[in-house]
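Trainee: Dropping the structure in here first, questions after.
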Amino acid sequence: MKTKARSFSRAAAASAFLATSLGVSLVLASSAAGAASTLGAAAAQTGRYFGAAVAAGKLGDSTYVNILNREFSMITPENEMKWDATEPNRGQFNYSGGDRILNQAVSTGKRVRGHALLWYQQEPGWAQRMEGSDLRAAMMNHVTTVATHYKGKIYAWDVVNEAFADGGSGGRRDSNLQRTGNDWIEAAFRAARAADPDAKLCYNDYNTDGVNAKSTGIYNMVRDFKSRGVPIDCVGFQSHLSGNPPGDYQANLQRFADLGVEVQITELDISGSNQAGAYGTVTRACMAVSRCAGLTTWGIRDTDSWRSGENPLLFDGNGNKKAAYTSVLDALNAGGPTVPTTPTTPTTPTTPTTPTTPTTPTTPTTTTPVPSGCSASVSLNQWNGGFVANVKVTAGSTGLTGWRVTTNLPSGAAVTNSWSAGNSGTTGSVTWTNVSYNGTVAAGQSTEFGFQGTGTAEGVTASCAAS
Ligand code: XIL
């Protein structure tokens, strides 16, 4: 017996040694097999992200930043990209907080959800006091300017937040934004697309956790947008929950996904005694919907939450993982269909070019001059009292090292803002000159610039010259 026991313990020691010496490869093998040890890594296995809302003011807190860096792959600024923060005075923009968060994300390899371009809450005081066409112009200018500042850096923008009413109406919420005209949402999406063609554009709301009057109102809007070519790519479900989500939580996500938009859980926090279970249910629902691109919790530790006293997050006040954390991690590691990569829908449908059948040239008697120089075409998005114009500059057969475009605006139209070109004048005949990075255009290739204005630009013409 004694001998046996000794030899057994030697064998155990030997296998322990073996396991230690093989430790690295064992860990790699298990993570390749699916058991990742952080939220971000576990979500990434199926092409999803796992994010957190972050406050710029907490980026000096090492516990907070350590958890952020370790666990999350997406960041939403909790307040720093809202209208009151980014345009405290009309036409005067402040990106300090938003840029801090963006830089933190970029320097640690994370992506950013922009939140939120237009929302009836946290409007700056000057906008709260406005109405009508003046407000509409200010709204569009805000969307264009902020989305242009962050162009190419945002994974998805909440272009419009919380525009639908609670309760049974299924209609829009009253606000000064809504009172500028029912088309304000589509105008905002068009302006955002023109400013940043690579960002996914989302509509985001709460109390949309199952099939109900409010979520159906939003569903109908998204279906209408898709059918009319209004650029929308995603719907955000805030999911501020008390206890379990409704039984049709997943089915509701799926019906939106079936419209051809991505769905995202954007502000998840859950109170109540079945917190861990409810977190697991929500995570599994996202994992089961192939177009559910990821989840974001609205904060990191319970003490960071806007729902003070409800402890609705995945880490306690000391930064320890809660049972809800394990529940989410397990659900992510259990896997699901991989998220398909959906390109953002193009702003302007490209007109198919019918190739002309080349005729074999007989020896020409007269040489047709090869077109050189450039051409310009304008596409317009208009609303009552304003417009966004996108101008496409196409180089002729010799390519360009600089260009000048002249647009002729009808009377009453005036340019208020522009991007990717310099201009002289704002009314009538306006001349646009390339900026440093878009003057060189290879033969047959194109570049774009744009501007926004008040009035109507119907009938605007554009001509181009090489310079
Ligand atoms: C909240 C922030 O967490 C708070 O710090 C702020 O005081 C108010 O706004 N829906 C949203 C978020 O879209 O922007 C809100 O964030 C929470 C509800």
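Labeling convention for the structure tokens: chains A, B, ... as they appear, residues from 1 per chain, ligands from 1 in order of appearance.
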Counting only C-alpha atoms and all ligand atoms, what are the residues, protein, DNA or RNA alike, that approach ligand 1 to within 10 Å? I want them as a CSV table (one decimal) with N, CA, C and O atoms, in the first residue's frame.
Mentor:
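Contents of selection.csv, as written:
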```csv
chain,number,residue,atom,x,y,z
A,53,ALA,N,-19.7,51.9,-21.6
A,53,ALA,CA,-19.7,53.4,-21.6
A,53,ALA,C,-18.6,53.9,-20.6
A,53,ALA,O,-18.4,53.3,-19.6
A,54,VAL,N,-17.9,54.9,-21.1
A,54,VAL,CA,-16.8,55.4,-20.4
A,54,VAL,C,-16.9,56.9,-20.1
A,54,VAL,O,-17.4,57.6,-21.0
A,55,ALA,N,-16.5,57.3,-18.9
A,55,ALA,CA,-16.5,58.8,-18.6
A,55,ALA,C,-15.1,59.3,-18.7
A,55,ALA,O,-14.2,58.7,-18.0
A,76,THR,N,-18.1,53.5,-25.6
A,76,THR,CA,-19.1,54.6,-25.9
A,76,THR,C,-18.8,55.7,-24.9
A,76,THR,O,-18.9,55.5,-23.7
A,77,PRO,N,-18.6,56.9,-25.3
A,77,PRO,CA,-18.5,58.0,-24.4
A,77,PRO,C,-19.8,58.2,-23.7
A,77,PRO,O,-20.9,58.4,-24.4
A,78,GLU,N,-19.8,58.3,-22.4
A,78,GLU,CA,-21.1,58.3,-21.6
A,78,GLU,C,-21.8,59.6,-21.9
A,78,GLU,O,-23.0,59.7,-22.0
A,79,ASN,N,-21.1,60.7,-21.9
A,79,ASN,CA,-21.7,62.1,-22.1
A,79,ASN,C,-20.9,62.9,-23.0
A,79,ASN,O,-21.4,64.0,-23.5
A,80,GLU,N,-19.7,62.6,-23.4
A,80,GLU,CA,-18.8,63.5,-24.0
A,80,GLU,C,-19.0,63.9,-25.4
A,80,GLU,O,-18.5,64.8,-26.0
A,81,MET,N,-19.8,63.1,-26.1
A,81,MET,CA,-20.1,63.4,-27.5
A,81,MET,C,-21.5,63.9,-27.7
A,81,MET,O,-22.0,64.0,-28.8
A,82,LYS,N,-22.2,64.2,-26.6
A,82,LYS,CA,-23.6,64.7,-26.7
A,82,LYS,C,-23.5,66.2,-27.1
A,82,LYS,O,-22.5,66.8,-27.0
A,115,HIS,N,-22.0,58.6,-29.5
A,115,HIS,CA,-23.3,58.8,-28.9
A,115,HIS,C,-23.4,60.2,-28.3
A,115,HIS,O,-22.6,60.6,-27.5
A,116,ALA,N,-24.4,60.9,-28.7
A,116,ALA,CA,-25.4,60.7,-29.7
A,116,ALA,C,-25.5,62.1,-30.5
A,116,ALA,O,-25.4,63.1,-29.8
A,119,TRP,N,-30.5,64.3,-29.8
A,119,TRP,CA,-31.3,63.8,-28.7
A,119,TRP,C,-32.0,64.9,-28.0
A,119,TRP,O,-31.4,66.0,-27.9
A,121,GLN,N,-32.7,65.2,-25.1
A,121,GLN,CA,-32.1,65.5,-23.8
A,121,GLN,C,-30.7,66.0,-24.0
A,121,GLN,O,-30.1,65.6,-25.0
A,122,GLN,N,-30.2,66.7,-23.0
A,122,GLN,CA,-28.8,67.2,-23.1
A,122,GLN,C,-28.5,68.0,-24.4
A,122,GLN,O,-27.5,67.9,-24.9
A,158,ASP,N,-24.8,56.7,-32.9
A,158,ASP,CA,-26.2,56.9,-32.6
A,158,ASP,C,-26.6,58.3,-33.2
A,158,ASP,O,-26.3,59.3,-32.6
A,160,VAL,N,-29.6,59.4,-34.1
A,160,VAL,CA,-30.8,59.9,-33.3
A,160,VAL,C,-31.1,59.0,-32.2
A,160,VAL,O,-31.1,57.8,-32.3
A,161,ASN,N,-31.3,59.6,-31.0
A,161,ASN,CA,-31.5,58.9,-29.8
A,161,ASN,C,-32.9,59.2,-29.2
A,161,ASN,O,-33.3,60.4,-29.2
A,162,GLU,N,-33.7,58.2,-28.9
A,162,GLU,CA,-34.9,58.3,-28.1
A,162,GLU,C,-35.9,59.3,-28.8
A,162,GLU,O,-36.4,60.2,-28.1
A,204,ASN,N,-31.2,54.7,-31.9
A,204,ASN,CA,-31.1,54.1,-30.6
A,204,ASN,C,-32.2,54.5,-29.7
A,204,ASN,O,-32.6,55.6,-29.6
A,205,ASP,N,-32.8,53.5,-28.9
A,205,ASP,CA,-33.9,53.8,-28.0
A,205,ASP,C,-34.0,52.8,-26.9
A,205,ASP,O,-33.3,51.8,-26.9
A,206,TYR,N,-34.9,53.1,-25.9
A,206,TYR,CA,-35.1,52.3,-24.7
A,206,TYR,C,-36.6,51.8,-24.7
A,206,TYR,O,-37.4,52.4,-25.5
A,236,GLY,N,-30.0,50.4,-32.2
A,236,GLY,CA,-29.5,50.2,-30.8
A,236,GLY,C,-30.6,50.0,-29.9
A,236,GLY,O,-31.6,50.7,-29.8
A,237,PHE,N,-30.5,48.9,-29.1
A,237,PHE,CA,-31.5,48.6,-28.0
A,237,PHE,C,-30.7,48.9,-26.7
A,237,PHE,O,-29.8,48.2,-26.3
A,238,GLN,N,-31.2,50.0,-26.0
A,238,GLN,CA,-30.5,50.4,-24.8
A,238,GLN,C,-30.5,49.3,-23.8
A,238,GLN,O,-29.5,49.0,-23.1
A,239,SER,N,-31.6,48.7,-23.5
A,239,SER,CA,-31.8,47.6,-22.6
A,239,SER,C,-31.4,48.0,-21.2
A,239,SER,O,-30.6,47.3,-20.5
A,240,HIS,N,-32.0,49.0,-20.7
A,240,HIS,CA,-31.9,49.3,-19.2
A,240,HIS,C,-33.0,48.5,-18.6
A,240,HIS,O,-34.2,48.9,-18.7
A,266,THR,N,-26.9,48.5,-26.6
A,266,THR,CA,-26.1,49.6,-26.5
A,266,THR,C,-25.9,50.2,-25.1
A,266,THR,O,-24.9,50.9,-24.9
A,267,GLU,N,-26.8,49.9,-24.2
A,267,GLU,CA,-26.6,50.6,-22.8
A,267,GLU,C,-27.0,49.6,-21.7
A,267,GLU,O,-27.6,50.0,-20.7
A,268,LEU,N,-26.6,48.4,-21.9
A,268,LEU,CA,-27.1,47.3,-21.0
A,268,LEU,C,-26.8,47.6,-19.5
A,268,LEU,O,-25.6,47.8,-19.2
A,298,TRP,N,-23.6,49.9,-19.7
A,298,TRP,CA,-23.6,51.4,-19.5
A,298,TRP,C,-22.8,51.7,-18.2
A,298,TRP,O,-23.3,52.1,-17.2
A,299,GLY,N,-21.5,51.5,-18.3
A,299,GLY,CA,-20.6,51.7,-17.2
A,299,GLY,C,-19.7,50.5,-17.0
A,299,GLY,O,-19.9,49.4,-17.7
A,304,ASP,N,-20.0,53.2,-10.9
A,304,ASP,CA,-19.9,54.1,-12.1
A,304,ASP,C,-21.3,54.3,-12.7
A,304,ASP,O,-21.5,55.1,-13.6
A,305,SER,N,-22.3,53.5,-12.3
A,305,SER,CA,-23.6,53.5,-13.0
A,305,SER,C,-24.4,54.8,-12.7
A,305,SER,O,-24.4,55.3,-11.6
A,306,TRP,N,-25.1,55.2,-13.7
A,306,TRP,CA,-26.1,56.3,-13.6
A,306,TRP,C,-27.3,55.9,-12.8
A,306,TRP,O,-28.0,56.7,-12.3
A,307,ARG,N,-27.5,54.5,-12.6
A,307,ARG,CA,-28.6,54.1,-11.8
A,307,ARG,C,-28.1,53.8,-10.4
A,307,ARG,O,-28.0,52.7,-9.9
```
Trainee: With only C-alpha atoms as the counted atoms, please give the residues lying no more than 9 Å from range 62-65 of chain A, apart from itself and same-chain residues fewer than 4 positions off, as a list in words.
Mentor: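 Neighbouring residues, sequence-local ones excluded: Lys58, Asn69, Arg70, Ile300, Arg301, Asn318 and Gly319 of chain A.
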Trainee: Just want the 10 Å neighbourhood of Ala442 in chain A, counted on only C-alpha atoms, with same-chain residues fewer than 2 positions away dropped. Output as a ChimeraX atom specification.
Mentor: /A:394-401,439-440,444-447
Trainee: Between CA of Val211 in chain A and CA of Gly170 in chain A, what distance in Å does the model show, to one decimal?
Mentor: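 We find that CA of Val211 in chain A and CA of Gly170 in chain A lie 11.3 Å from each other.
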Trainee: Write out as a ChimeraX atom specification all residues of range 75-310 of chain A that backbone DSSP assigns to helix (DSSP H, G or I).
Mentor: /A:83-86,96-107,125-128,132-149,178-180,184-195,213-228,249-257,275-288,302-304
Trainee: Of the candidates A:Ile75, A:Ile218, A:Ala138, A:Ala52, which one gets nearest to Asn89 in chain A if we count only C-alpha atoms?
Mentor: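 Among A:Ile75, A:Ile218, A:Ala138, A:Ala52, it is A:Ala138 that comes nearest to Asn89 in chain A.
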Trainee: Can you work out the spacing between CA of Asn141 in chain A and CA of Gly425 in chain A in Å, to one decimal?
Mentor: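 Separation between CA of Asn141 in chain A and CA of Gly425 in chain A: 18.2 Å.
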